[in-house]
>>> print(open('query19.cif').read())   # mmCIF, C-alpha atoms and all ligand atoms
data_query
loop_
_atom_site.label_atom_id
_atom_site.label_comp_id
_atom_site.auth_asym_id
_atom_site.auth_seq_id
_atom_site.Cartn_x
_atom_site.Cartn_y
_atom_site.Cartn_z
CA MET A 1 -88.59 -33.50 -98.21
CA GLY A 2 -85.22 -34.42 -99.60
CA ILE A 3 -83.20 -35.45 -96.56
CA ASP A 4 -80.26 -37.56 -97.73
CA PHE A 5 -80.18 -40.13 -94.93
CA ASP A 6 -77.28 -42.01 -96.51
CA ARG A 7 -75.02 -39.03 -95.78
CA ILE A 8 -75.51 -39.50 -92.03
CA GLY A 9 -72.88 -41.86 -90.58
CA ARG A 10 -73.44 -44.37 -87.78
CA ASP A 11 -71.00 -42.40 -85.64
CA GLN A 12 -73.38 -39.40 -85.84
CA LEU A 13 -76.37 -41.44 -84.66
CA PRO A 14 -76.08 -41.23 -80.84
CA ALA A 15 -75.85 -37.42 -80.86
CA LEU A 16 -78.62 -37.13 -83.45
CA LEU A 17 -80.93 -39.44 -81.50
CA ARG A 18 -80.40 -37.32 -78.40
CA VAL A 19 -80.85 -33.94 -80.09
CA MET A 20 -83.83 -34.74 -82.33
CA PRO A 21 -87.17 -33.40 -81.09
CA LYS A 22 -89.47 -36.21 -79.98
CA ALA A 23 -92.66 -37.06 -78.11
CA GLU A 24 -92.89 -39.59 -75.30
CA LEU A 25 -96.23 -41.41 -75.30
CA HIS A 26 -95.69 -44.35 -72.95
CA ILE A 27 -94.33 -43.43 -69.55
CA HIS A 28 -95.97 -44.42 -66.27
CA ILE A 29 -95.17 -41.43 -64.11
CA GLU A 30 -95.01 -43.68 -61.04
CA GLY A 31 -92.31 -45.58 -62.94
CA SER A 32 -90.13 -42.45 -63.02
CA LEU A 33 -89.82 -42.49 -59.22
CA GLU A 34 -86.08 -42.90 -58.59
CA PRO A 35 -84.91 -44.75 -55.44
CA GLU A 36 -83.45 -41.53 -54.02
CA LEU A 37 -86.84 -39.79 -54.27
CA ILE A 38 -88.60 -42.88 -52.86
CA PHE A 39 -86.41 -42.64 -49.73
CA LYS A 40 -86.84 -38.86 -49.49
CA LEU A 41 -90.63 -39.12 -49.68
CA ALA A 42 -90.69 -42.10 -47.29
CA GLU A 43 -88.88 -40.01 -44.71
CA ARG A 44 -91.02 -36.91 -45.35
CA ASN A 45 -94.22 -38.95 -44.97
CA GLY A 46 -93.14 -41.39 -42.26
CA VAL A 47 -93.63 -44.42 -44.52
CA LYS A 48 -91.66 -47.57 -43.61
CA LEU A 49 -89.92 -49.23 -46.56
CA ALA A 50 -89.01 -52.91 -46.84
CA TYR A 51 -85.45 -52.00 -47.94
CA PRO A 52 -82.78 -50.45 -45.68
CA SER A 53 -81.11 -48.23 -48.31
CA VAL A 54 -81.22 -46.80 -51.83
CA GLU A 55 -78.61 -49.37 -52.86
CA ALA A 56 -80.57 -52.28 -51.43
CA LEU A 57 -83.72 -51.11 -53.21
CA ARG A 58 -81.91 -50.71 -56.53
CA ALA A 59 -80.36 -54.16 -56.10
CA ALA A 60 -83.90 -55.60 -55.97
CA TYR A 61 -84.57 -54.37 -59.53
CA ALA A 62 -83.94 -57.77 -61.13
CA PHE A 63 -87.17 -58.85 -62.77
CA THR A 64 -88.23 -62.14 -64.31
CA ASP A 65 -91.55 -61.01 -65.79
CA LEU A 66 -94.15 -58.23 -65.63
CA GLN A 67 -95.60 -59.32 -62.27
CA SER A 68 -92.22 -59.43 -60.52
CA PHE A 69 -91.73 -55.81 -61.58
CA LEU A 70 -95.25 -54.69 -60.65
CA ASP A 71 -94.84 -55.97 -57.06
CA ILE A 72 -91.83 -53.67 -56.52
CA TYR A 73 -93.35 -50.79 -58.52
CA TYR A 74 -96.49 -50.71 -56.34
CA ALA A 75 -94.33 -50.89 -53.19
CA GLY A 76 -92.31 -47.88 -54.43
CA ALA A 77 -95.49 -45.90 -55.11
CA SER A 78 -96.60 -46.37 -51.47
CA VAL A 79 -94.53 -43.31 -50.44
CA LEU A 80 -96.80 -40.98 -52.47
CA LEU A 81 -99.39 -39.42 -50.16
CA LYS A 82 -99.71 -35.66 -50.73
CA GLU A 83 -100.30 -33.43 -53.74
CA GLN A 84 -96.74 -32.13 -53.34
CA ASP A 85 -95.38 -35.69 -53.67
CA PHE A 86 -97.10 -36.15 -57.04
CA PHE A 87 -95.85 -32.77 -58.16
CA ASP A 88 -92.26 -33.56 -57.12
CA MET A 89 -92.31 -36.92 -58.91
CA ALA A 90 -93.57 -35.46 -62.19
CA TRP A 91 -91.30 -32.42 -61.94
CA ALA A 92 -88.24 -34.68 -61.63
CA TYR A 93 -89.35 -36.39 -64.86
CA PHE A 94 -89.85 -33.09 -66.71
CA GLU A 95 -86.38 -31.89 -65.71
CA LYS A 96 -84.96 -35.01 -67.35
CA ALA A 97 -87.32 -34.73 -70.35
CA ALA A 98 -86.22 -31.15 -71.03
CA GLY A 99 -82.60 -32.35 -71.30
CA GLU A 100 -83.65 -35.07 -73.76
CA ASN A 101 -85.38 -32.79 -76.27
CA ILE A 102 -88.78 -34.25 -75.46
CA VAL A 103 -91.15 -31.56 -76.71
CA HIS A 104 -94.37 -33.38 -75.86
CA ALA A 105 -95.22 -36.02 -73.25
CA GLU A 106 -98.40 -37.95 -72.51
CA LEU A 107 -98.06 -39.32 -68.98
CA PHE A 108 -99.87 -42.40 -67.68
CA PHE A 109 -100.92 -42.37 -64.06
CA ASP A 110 -102.55 -45.10 -61.95
CA PRO A 111 -105.08 -43.47 -59.58
CA GLN A 112 -106.22 -46.77 -58.08
CA THR A 113 -102.69 -47.44 -56.80
CA HIS A 114 -103.21 -44.38 -54.61
CA THR A 115 -106.95 -44.20 -53.89
CA GLU A 116 -106.85 -47.81 -52.60
CA ARG A 117 -104.41 -46.53 -49.93
CA GLY A 118 -106.74 -43.68 -48.99
CA VAL A 119 -105.02 -40.92 -51.00
CA PRO A 120 -107.61 -38.45 -52.34
CA ILE A 121 -107.76 -38.52 -56.14
CA GLU A 122 -107.63 -34.72 -56.10
CA ALA A 123 -104.09 -34.85 -54.66
CA VAL A 124 -103.00 -37.22 -57.44
CA ILE A 125 -104.50 -35.31 -60.35
CA LEU A 126 -103.79 -31.76 -59.17
CA GLY A 127 -100.18 -32.56 -58.22
CA LEU A 128 -99.51 -34.03 -61.66
CA HIS A 129 -101.47 -31.30 -63.44
CA HIS A 130 -99.50 -28.51 -61.77
CA ALA A 131 -96.24 -30.16 -62.81
CA CYS A 132 -97.52 -30.36 -66.42
CA ARG A 133 -98.43 -26.66 -66.34
CA ARG A 134 -95.02 -25.69 -64.99
CA ALA A 135 -93.22 -27.91 -67.55
CA HIS A 136 -94.94 -25.93 -70.28
CA ALA A 137 -94.17 -22.57 -68.68
CA GLU A 138 -90.52 -23.31 -67.87
CA PHE A 139 -89.40 -25.77 -70.55
CA GLY A 140 -91.94 -25.30 -73.33
CA ILE A 141 -92.83 -28.99 -73.00
CA SER A 142 -96.44 -29.71 -73.85
CA ALA A 143 -97.71 -32.36 -71.45
CA SER A 144 -100.98 -34.14 -70.79
CA LEU A 145 -102.28 -36.91 -68.56
CA ILE A 146 -103.83 -40.30 -69.36
CA LEU A 147 -105.64 -42.07 -66.52
CA CYS A 148 -104.98 -45.82 -66.47
CA PHE A 149 -107.24 -48.48 -65.02
CA LEU A 150 -105.54 -51.39 -63.23
CA ARG A 151 -106.60 -54.51 -65.10
CA HIS A 152 -105.97 -56.88 -62.16
CA LEU A 153 -108.87 -55.11 -60.38
CA SER A 154 -112.53 -55.39 -61.39
CA GLU A 155 -114.39 -53.39 -64.02
CA ASP A 156 -116.64 -52.07 -61.24
CA ALA A 157 -113.54 -50.69 -59.50
CA ALA A 158 -112.55 -49.01 -62.79
CA LEU A 159 -116.04 -47.49 -63.14
CA ALA A 160 -115.84 -46.24 -59.55
CA VAL A 161 -112.46 -44.52 -60.00
CA LEU A 162 -113.69 -42.97 -63.25
CA GLU A 163 -116.60 -41.39 -61.34
CA GLN A 164 -114.16 -40.10 -58.70
CA ALA A 165 -112.01 -38.57 -61.44
CA LEU A 166 -114.82 -36.85 -63.35
CA PRO A 167 -114.76 -33.60 -61.31
CA TYR A 168 -111.20 -33.26 -62.74
CA ARG A 169 -112.17 -34.26 -66.30
CA GLU A 170 -110.50 -31.18 -67.80
CA TYR A 171 -107.11 -32.32 -66.47
CA PHE A 172 -106.78 -35.59 -68.39
CA ILE A 173 -107.15 -36.29 -72.09
CA GLY A 174 -107.68 -40.02 -72.14
CA VAL A 175 -107.70 -43.39 -70.44
CA GLY A 176 -105.52 -46.49 -70.67
CA LEU A 177 -105.29 -50.00 -69.29
CA ASP A 178 -102.22 -51.31 -67.48
CA SER A 179 -100.93 -53.71 -64.79
CA SER A 180 -100.98 -57.55 -64.99
CA GLU A 181 -101.93 -58.46 -68.54
CA ARG A 182 -102.26 -62.26 -68.64
CA GLY A 183 -105.71 -63.45 -67.56
CA HIS A 184 -107.12 -59.92 -67.77
CA PRO A 185 -108.17 -59.46 -71.42
CA PRO A 186 -109.35 -56.08 -72.73
CA GLU A 187 -112.98 -57.25 -73.01
CA LYS A 188 -113.12 -57.33 -69.18
CA PHE A 189 -113.29 -53.50 -69.45
CA ALA A 190 -115.76 -53.12 -72.34
CA ARG A 191 -118.35 -51.09 -70.37
CA VAL A 192 -115.97 -48.63 -68.72
CA PHE A 193 -114.21 -47.93 -72.03
CA ALA A 194 -117.56 -47.40 -73.77
CA ARG A 195 -118.41 -44.84 -71.09
CA CYS A 196 -115.02 -43.13 -71.55
CA ARG A 197 -115.56 -42.87 -75.29
CA GLU A 198 -118.97 -41.27 -74.66
CA LEU A 199 -117.18 -38.74 -72.46
CA GLY A 200 -114.94 -37.82 -75.38
CA LEU A 201 -111.80 -39.27 -73.82
CA HIS A 202 -109.01 -40.71 -75.93
CA VAL A 203 -108.64 -44.45 -75.47
CA VAL A 204 -105.42 -46.51 -75.42
CA ALA A 205 -104.57 -49.90 -73.91
CA HIS A 206 -101.58 -52.07 -73.06
CA ALA A 207 -101.86 -55.24 -75.13
CA GLY A 208 -99.48 -57.79 -76.59
CA GLU A 209 -96.65 -57.14 -74.11
CA GLU A 210 -96.95 -60.50 -72.32
CA GLY A 211 -100.47 -61.24 -73.53
CA PRO A 212 -101.24 -62.86 -76.90
CA PRO A 213 -102.02 -61.11 -80.21
CA GLU A 214 -105.75 -61.74 -79.55
CA TYR A 215 -105.55 -59.14 -76.77
CA ILE A 216 -104.42 -56.59 -79.38
CA ARG A 217 -107.41 -57.50 -81.54
CA SER A 218 -109.86 -57.13 -78.67
CA ALA A 219 -108.25 -53.84 -77.60
CA LEU A 220 -109.03 -52.59 -81.13
CA ASP A 221 -112.43 -54.23 -81.65
CA VAL A 222 -113.94 -54.06 -78.16
CA LEU A 223 -112.23 -51.07 -76.52
CA LYS A 224 -111.70 -49.16 -79.82
CA ALA A 225 -108.17 -48.32 -78.72
CA GLU A 226 -106.58 -45.54 -80.78
CA ARG A 227 -103.05 -46.71 -79.88
CA ILE A 228 -101.68 -49.98 -78.58
CA ASP A 229 -99.15 -49.80 -75.77
CA HIS A 230 -96.31 -52.28 -76.37
CA GLY A 231 -98.12 -54.44 -78.95
CA VAL A 232 -94.88 -56.19 -79.88
CA ARG A 233 -96.45 -59.66 -79.89
CA CYS A 234 -98.39 -58.65 -83.03
CA VAL A 235 -95.44 -60.08 -85.00
CA GLU A 236 -96.82 -63.55 -84.22
CA ASP A 237 -99.90 -62.75 -86.34
CA PRO A 238 -99.06 -61.45 -89.85
CA ALA A 239 -102.69 -60.55 -90.64
CA LEU A 240 -102.78 -58.40 -87.50
CA VAL A 241 -99.53 -56.66 -88.50
CA GLN A 242 -101.12 -55.86 -91.87
CA ARG A 243 -104.21 -54.49 -90.19
CA LEU A 244 -102.23 -52.28 -87.77
CA ALA A 245 -100.24 -50.90 -90.71
CA ALA A 246 -103.29 -50.35 -92.94
CA GLU A 247 -105.25 -48.61 -90.15
CA ARG A 248 -102.16 -46.72 -88.97
CA VAL A 249 -102.69 -47.76 -85.37
CA PRO A 250 -99.58 -46.62 -83.48
CA LEU A 251 -97.63 -48.96 -81.19
CA THR A 252 -95.80 -47.41 -78.24
CA VAL A 253 -92.80 -49.72 -78.02
CA CYS A 254 -90.50 -49.76 -74.96
CA PRO A 255 -87.25 -51.59 -75.80
CA LEU A 256 -85.40 -51.45 -72.45
CA SER A 257 -88.59 -52.45 -70.63
CA ASN A 258 -89.03 -55.44 -72.94
CA VAL A 259 -85.54 -56.71 -72.12
CA LYS A 260 -85.81 -56.04 -68.36
CA LEU A 261 -89.15 -57.88 -68.20
CA CYS A 262 -87.81 -60.76 -70.34
CA VAL A 263 -90.13 -60.21 -73.32
CA TYR A 264 -86.90 -60.45 -75.39
CA PRO A 265 -83.58 -61.95 -74.24
CA SER A 266 -81.62 -58.91 -75.49
CA LEU A 267 -81.97 -55.67 -77.45
CA ALA A 268 -80.30 -57.38 -80.41
CA GLU A 269 -83.35 -59.64 -80.66
CA HIS A 270 -85.92 -56.87 -80.38
CA GLN A 271 -88.46 -56.81 -83.23
CA LEU A 272 -88.53 -53.00 -83.66
CA PRO A 273 -86.77 -53.20 -87.06
CA ALA A 274 -89.39 -55.68 -88.31
CA LEU A 275 -92.24 -53.47 -87.07
CA LEU A 276 -90.83 -50.46 -88.92
CA ALA A 277 -90.15 -52.50 -92.05
CA ALA A 278 -93.80 -53.62 -92.02
CA GLY A 279 -94.85 -49.96 -92.15
CA LEU A 280 -96.23 -49.77 -88.60
CA VAL A 281 -96.45 -46.44 -86.80
CA ALA A 282 -94.03 -47.66 -84.12
CA THR A 283 -92.64 -45.28 -81.53
CA VAL A 284 -89.90 -45.62 -78.87
CA ASN A 285 -90.72 -44.92 -75.20
CA SER A 286 -89.31 -45.52 -71.72
CA ASP A 287 -92.28 -47.14 -69.87
CA ASP A 288 -90.83 -47.07 -66.30
CA PRO A 289 -87.42 -45.43 -66.69
CA ALA A 290 -86.40 -45.47 -63.02
CA TYR A 291 -86.80 -49.27 -63.00
CA PHE A 292 -85.62 -50.29 -66.46
CA GLY A 293 -82.20 -48.65 -66.68
CA GLY A 294 -82.80 -45.62 -68.85
CA TYR A 295 -84.90 -42.66 -69.92
CA LEU A 296 -86.05 -42.06 -73.47
CA ASN A 297 -82.72 -41.14 -75.06
CA ASP A 298 -81.04 -44.20 -73.53
CA ASN A 299 -83.79 -46.32 -75.06
CA PHE A 300 -83.04 -44.82 -78.47
CA VAL A 301 -79.24 -44.92 -78.24
CA GLN A 302 -78.95 -48.42 -76.80
CA THR A 303 -81.51 -49.88 -79.21
CA PHE A 304 -79.82 -48.36 -82.26
CA ALA A 305 -76.40 -49.53 -81.01
CA ALA A 306 -77.69 -53.11 -80.71
CA LEU A 307 -79.49 -53.27 -84.06
CA PRO A 308 -77.51 -52.53 -87.24
CA GLN A 309 -80.77 -52.44 -89.26
CA LEU A 310 -81.62 -49.16 -87.51
CA GLY A 311 -80.00 -46.06 -89.03
CA ALA A 312 -80.74 -42.38 -89.59
CA ARG A 313 -83.81 -43.09 -91.72
CA GLU A 314 -85.36 -45.13 -88.89
CA ALA A 315 -84.41 -42.49 -86.29
CA TYR A 316 -86.27 -39.88 -88.34
CA GLN A 317 -89.24 -42.21 -88.86
CA LEU A 318 -89.54 -42.99 -85.14
CA ALA A 319 -89.50 -39.31 -84.16
CA ARG A 320 -92.02 -38.51 -86.91
CA ASN A 321 -94.22 -41.39 -85.76
CA SER A 322 -94.15 -40.03 -82.20
CA PHE A 323 -95.74 -36.81 -83.44
CA GLU A 324 -98.22 -38.60 -85.71
CA ALA A 325 -99.27 -40.85 -82.81
CA SER A 326 -99.67 -38.07 -80.25
CA PHE A 327 -103.02 -36.56 -79.27
CA VAL A 328 -102.23 -32.98 -80.29
CA ASP A 329 -103.68 -30.54 -82.77
CA ALA A 330 -102.42 -30.38 -86.34
CA ALA A 331 -100.61 -27.08 -85.84
CA ALA A 332 -98.46 -28.37 -82.96
CA ARG A 333 -97.70 -31.55 -84.88
CA ALA A 334 -96.68 -29.63 -88.00
CA GLY A 335 -94.41 -27.34 -85.99
CA TRP A 336 -92.49 -30.24 -84.42
CA GLN A 337 -92.25 -32.10 -87.73
CA HIS A 338 -90.78 -28.99 -89.31
CA GLU A 339 -88.17 -28.76 -86.55
CA LEU A 340 -87.40 -32.46 -86.99
CA ASP A 341 -86.79 -31.92 -90.72
CA ARG A 342 -84.49 -29.01 -89.90
CA VAL A 343 -82.39 -31.09 -87.47
CA PHE A 344 -81.98 -33.97 -89.95
CA SER A 345 -81.28 -31.69 -92.93
CA ALA A 346 -78.53 -30.01 -90.92
CA ALA A 347 -76.99 -33.39 -90.04
CA ALA A 348 -77.04 -34.74 -93.62
N1 LIG A 401 -97.07 -53.06 -68.31
C1 LIG A 401 -98.21 -53.11 -67.62
N2 LIG A 401 -98.45 -52.32 -66.58
C2 LIG A 401 -97.53 -51.44 -66.21
C3 LIG A 401 -96.34 -51.35 -66.88
C4 LIG A 401 -96.10 -52.19 -68.00
O1 LIG A 401 -95.05 -52.18 -68.66
N3 LIG A 401 -95.62 -50.38 -66.25
C5 LIG A 401 -96.39 -49.89 -65.26
N4 LIG A 401 -97.55 -50.55 -65.21
ZN ZN A 402 -96.44 -49.55 -69.79
#
>>> encode(input="query19.cif", output="structure tokens")
Amino acid sequence: MGIDFDRIGRDQLPALLRVMPKAELHIHIEGSLEPELIFKLAERNGVKLAYPSVEALRAAYAFTDLQSFLDIYYAGASVLLKEQDFFDMAWAYFEKAAGENIVHAELFFDPQTHTERGVPIEAVILGLHHACRRAHAEFGISASLILCFLRHLSEDAALAVLEQALPYREYFIGVGLDSSERGHPPEKFARVFARCRELGLHVVAHAGEEGPPEYIRSALDVLKAERIDHGVRCVEDPALVQRLAAERVPLTVCPLSNVKLCVYPSLAEHQLPALLAAGLVATVNSDDPAYFGGYLNDNFVQTFAALPQLGAREAYQLARNSFEASFVDAAARAGWQHELDRVFSAAA
């Protein structure tokens, strides 16, 4: 399409990364719950927190691995009780997303984190759904929901929550698999994912964040995942990288998350440049932005600042990949890609 990427200087990159239209495909909406909102909801709902103040809670956000994060993340989610709470949480995210030129978002939510505490699944799904509807009406953001099963719980528990969610089937487009990865391989959820595919749901799965490349293979072969969330450990298996590239299986990569959870020692050592160079449909996402030190644009800007291999061409490719990887119709995708071309042509 004739964009001259070499004419775009490094000094232009931060502004361009922020202004370019993009889709976010890997955000746990419970991971967008900021400490201030946690305290507000705790007070509103009479929930006792283990931390005396916003500052004390934020100070606890020093993680050594995925599990050390999950323990605090589930504690934070304990303040969510009513439909209004789920609405308020998602609305706070959409207000940020609108300012980041996110034109499309696919939000993960963890119903079992709430139903296990006695929250009705209707409150979870309708609260989030109404926020998605309003984001479209007010900001023009297209938004959909992906229901995630908690992999540290049993497959029977996943099947049970799926049944509970089915009266609200029209409000979510797919299912995913999250929580503690090691020791909980994708094949543990073969039956529930088969049932979801029969129901016409899209299927994604976290794999290869902390778990080995074999988990990525079984997410593809057993679960038939259409996208892999994280997936960065594929680089340990060159044949797998080739397969992901050949089959154009997208990876939803989350750079700040990977550093905060010690998957990489620093952004400078992140493998995103290698994934792009191998021709993978890699995308950049925020995962749990309230916990990992930045929303989507901070992920882009900080990652590009740390990695000289990433320039305007890669910025364009990542935004384009986010549209290719999203579960939208061809017309919406083409419209956003056209706008992306316009923004880069104007910058060059
Ligand atoms: N990995 C697995 N489970 C999660 C994550 C993650 O990064 N964030 C929220 N639940
Ligand atoms: Zn995640």
>>> closest_atom_pairs(input="query19.cif", of="chain A", to="ligand ZN 402 (chain A)", cutoff="7 Å", atoms="only C-alpha atoms and all ligand atoms", output="JSON lines")
{"residue": "A:His26", "atom": "CA", "partner": "A:ZN402", "partner_atom": "ZN", "distance": 6.1}
{"residue": "A:Ile27", "atom": "CA", "partner": "A:ZN402", "partner_atom": "ZN", "distance": 6.5}
{"residue": "A:His28", "atom": "CA", "partner": "A:ZN402", "partner_atom": "ZN", "distance": 6.2}
{"residue": "A:Asp178", "atom": "CA", "partner": "A:ZN402", "partner_atom": "ZN", "distance": 6.5}
{"residue": "A:His206", "atom": "CA", "partner": "A:ZN402", "partner_atom": "ZN", "distance": 6.6}
{"residue": "A:Asp229", "atom": "CA", "partner": "A:ZN402", "partner_atom": "ZN", "distance": 6.6}
{"residue": "A:Asp287", "atom": "CA", "partner": "A:ZN402", "partner_atom": "ZN", "distance": 4.8}
>>> write_last_selection(input="query19.cif", atoms="C-alpha atoms", output="tab-separated table (two decimals), in the frame of the given file")
chain	number	residue	atom	x	y	z
A	26	HIS	CA	-95.69	-44.35	-72.95
A	27	ILE	CA	-94.33	-43.43	-69.55
A	28	HIS	CA	-95.97	-44.42	-66.27
A	178	ASP	CA	-102.22	-51.31	-67.48
A	206	HIS	CA	-101.58	-52.07	-73.06
A	229	ASP	CA	-99.15	-49.80	-75.77
A	287	ASP	CA	-92.28	-47.14	-69.87
>>> residues_near_ligand(input="query19.cif", ligand="ligand LIG 401 (chain A)", cutoff="9 Å", atoms="all atoms listed in the file", output="ChimeraX atom specification")
/A:26-31,66-67,69-70,73-74,108-110,148,150-151,177-181,206-207,209-210,229-230,254,257-258,261,287-288
>>> residues_around(input="query19.cif", residues="Ala77 in chain A", least_positions_apart="6", cutoff="8 Å", atoms="only C-alpha atoms", output="PDB file with C-alpha atoms, keeping the file's coordinate frame")
ATOM      1  CA  GLU A  30     -95.010 -43.680 -61.040  1.00  0.00           C
ATOM      2  CA  LEU A  33     -89.820 -42.490 -59.220  1.00  0.00           C
ATOM      3  CA  ILE A  38     -88.600 -42.880 -52.860  1.00  0.00           C
ATOM      4  CA  THR A 113    -102.690 -47.440 -56.800  1.00  0.00           C
ATOM      5  CA  HIS A 114    -103.210 -44.380 -54.610  1.00  0.00           C
TER       6      HIS A 114
END
>>> closest_residue(input="query19.cif", among="A:Leu340, A:Ala290, A:Val328, A:Val124", to="Phe87 in chain A", atoms="all atoms listed in the file")
A:Val124
>>> atom_distance(input="query19.cif", atom1="CA of Thr283 in chain A", atom2="CA of Asn321 in chain A")
6.0 Å
>>> residues_near_point(input="query19.cif", point="(-88.0, -50.3, -53.3)", cutoff="12 Å", atoms="only C-alpha atoms", output="PyMOL selection string")
chain A and resi 31+33-39+42+47-62+69-79+290-291
>>> write_last_selection(input="query19.cif", atoms="C-alpha atoms", output="compact mmCIF listing (two decimals), in the coordinates of the input")
# COMPACT_ATOMS: atom_id res chain seq x y z
CA GLY A 31 -92.31 -45.58 -62.94
CA LEU A 33 -89.82 -42.49 -59.22
CA GLU A 34 -86.08 -42.90 -58.59
CA PRO A 35 -84.91 -44.75 -55.44
CA GLU A 36 -83.45 -41.53 -54.02
CA LEU A 37 -86.84 -39.79 -54.27
CA ILE A 38 -88.60 -42.88 -52.86
CA PHE A 39 -86.41 -42.64 -49.73
CA ALA A 42 -90.69 -42.10 -47.29
CA VAL A 47 -93.63 -44.42 -44.52
CA LYS A 48 -91.66 -47.57 -43.61
CA LEU A 49 -89.92 -49.23 -46.56
CA ALA A 50 -89.01 -52.91 -46.84
CA TYR A 51 -85.45 -52.00 -47.94
CA PRO A 52 -82.78 -50.45 -45.68
CA SER A 53 -81.11 -48.23 -48.31
CA VAL A 54 -81.22 -46.80 -51.83
CA GLU A 55 -78.61 -49.37 -52.86
CA ALA A 56 -80.57 -52.28 -51.43
CA LEU A 57 -83.72 -51.11 -53.21
CA ARG A 58 -81.91 -50.71 -56.53
CA ALA A 59 -80.36 -54.16 -56.10
CA ALA A 60 -83.90 -55.60 -55.97
CA TYR A 61 -84.57 -54.37 -59.53
CA ALA A 62 -83.94 -57.77 -61.13
CA PHE A 69 -91.73 -55.81 -61.58
CA LEU A 70 -95.25 -54.69 -60.65
CA ASP A 71 -94.84 -55.97 -57.06
CA ILE A 72 -91.83 -53.67 -56.52
CA TYR A 73 -93.35 -50.79 -58.52
CA TYR A 74 -96.49 -50.71 -56.34
CA ALA A 75 -94.33 -50.89 -53.19
CA GLY A 76 -92.31 -47.88 -54.43
CA ALA A 77 -95.49 -45.90 -55.11
CA SER A 78 -96.60 -46.37 -51.47
CA VAL A 79 -94.53 -43.31 -50.44
CA ALA A 290 -86.40 -45.47 -63.02
CA TYR A 291 -86.80 -49.27 -63.00
>>> decode(input="query19.cif", residues="range 272-284 of chain A", atoms="N, CA and C atoms", output="PDB file, in the first residue's frame")
ATOM      1  N   LEU A 272       9.460 -10.344  21.561  1.00  0.00           N
ATOM      2  CA  LEU A 272       8.521  -9.854  20.546  1.00  0.00           C
ATOM      3  C   LEU A 272       9.179  -9.604  19.184  1.00  0.00           C
ATOM      4  N   PRO A 273      10.381  -8.988  19.131  1.00  0.00           N
ATOM      5  CA  PRO A 273      10.991  -8.795  17.809  1.00  0.00           C
ATOM      6  C   PRO A 273      11.227 -10.113  17.072  1.00  0.00           C
ATOM      7  N   ALA A 274      11.641 -11.147  17.789  1.00  0.00           N
ATOM      8  CA  ALA A 274      11.881 -12.456  17.152  1.00  0.00           C
ATOM      9  C   ALA A 274      10.573 -13.060  16.652  1.00  0.00           C
ATOM     10  N   LEU A 275       9.505 -12.882  17.410  1.00  0.00           N
ATOM     11  CA  LEU A 275       8.202 -13.430  16.987  1.00  0.00           C
ATOM     12  C   LEU A 275       7.740 -12.760  15.695  1.00  0.00           C
ATOM     13  N   LEU A 276       7.900 -11.435  15.627  1.00  0.00           N
ATOM     14  CA  LEU A 276       7.497 -10.714  14.407  1.00  0.00           C
ATOM     15  C   LEU A 276       8.393 -11.101  13.238  1.00  0.00           C
ATOM     16  N   ALA A 277       9.686 -11.213  13.507  1.00  0.00           N
ATOM     17  CA  ALA A 277      10.629 -11.563  12.428  1.00  0.00           C
ATOM     18  C   ALA A 277      10.324 -12.949  11.867  1.00  0.00           C
ATOM     19  N   ALA A 278       9.778 -13.838  12.711  1.00  0.00           N
ATOM     20  CA  ALA A 278       9.432 -15.190  12.256  1.00  0.00           C
ATOM     21  C   ALA A 278       8.105 -15.210  11.494  1.00  0.00           C
ATOM     22  N   GLY A 279       7.467 -14.057  11.381  1.00  0.00           N
ATOM     23  CA  GLY A 279       6.226 -13.985  10.600  1.00  0.00           C
ATOM     24  C   GLY A 279       4.984 -14.359  11.389  1.00  0.00           C
ATOM     25  N   LEU A 280       5.087 -14.380  12.726  1.00  0.00           N
ATOM     26  CA  LEU A 280       3.912 -14.722  13.537  1.00  0.00           C
ATOM     27  C   LEU A 280       2.929 -13.553  13.582  1.00  0.00           C
ATOM     28  N   VAL A 281       1.659 -13.892  13.738  1.00  0.00           N
ATOM     29  CA  VAL A 281       0.620 -12.871  13.895  1.00  0.00           C
ATOM     30  C   VAL A 281       0.608 -12.470  15.379  1.00  0.00           C
ATOM     31  N   ALA A 282       1.669 -11.790  15.807  1.00  0.00           N
ATOM     32  CA  ALA A 282       1.771 -11.369  17.204  1.00  0.00           C
ATOM     33  C   ALA A 282       1.015 -10.055  17.398  1.00  0.00           C
ATOM     34  N   THR A 283       0.428  -9.903  18.574  1.00  0.00           N
ATOM     35  CA  THR A 283      -0.260  -8.661  18.921  1.00  0.00           C
ATOM     36  C   THR A 283       0.241  -8.212  20.291  1.00  0.00           C
ATOM     37  N   VAL A 284       0.033  -6.933  20.625  1.00  0.00           N
ATOM     38  CA  VAL A 284       0.421  -6.403  21.938  1.00  0.00           C
ATOM     39  C   VAL A 284      -0.840  -6.109  22.738  1.00  0.00           C
TER      40      VAL A 284
END
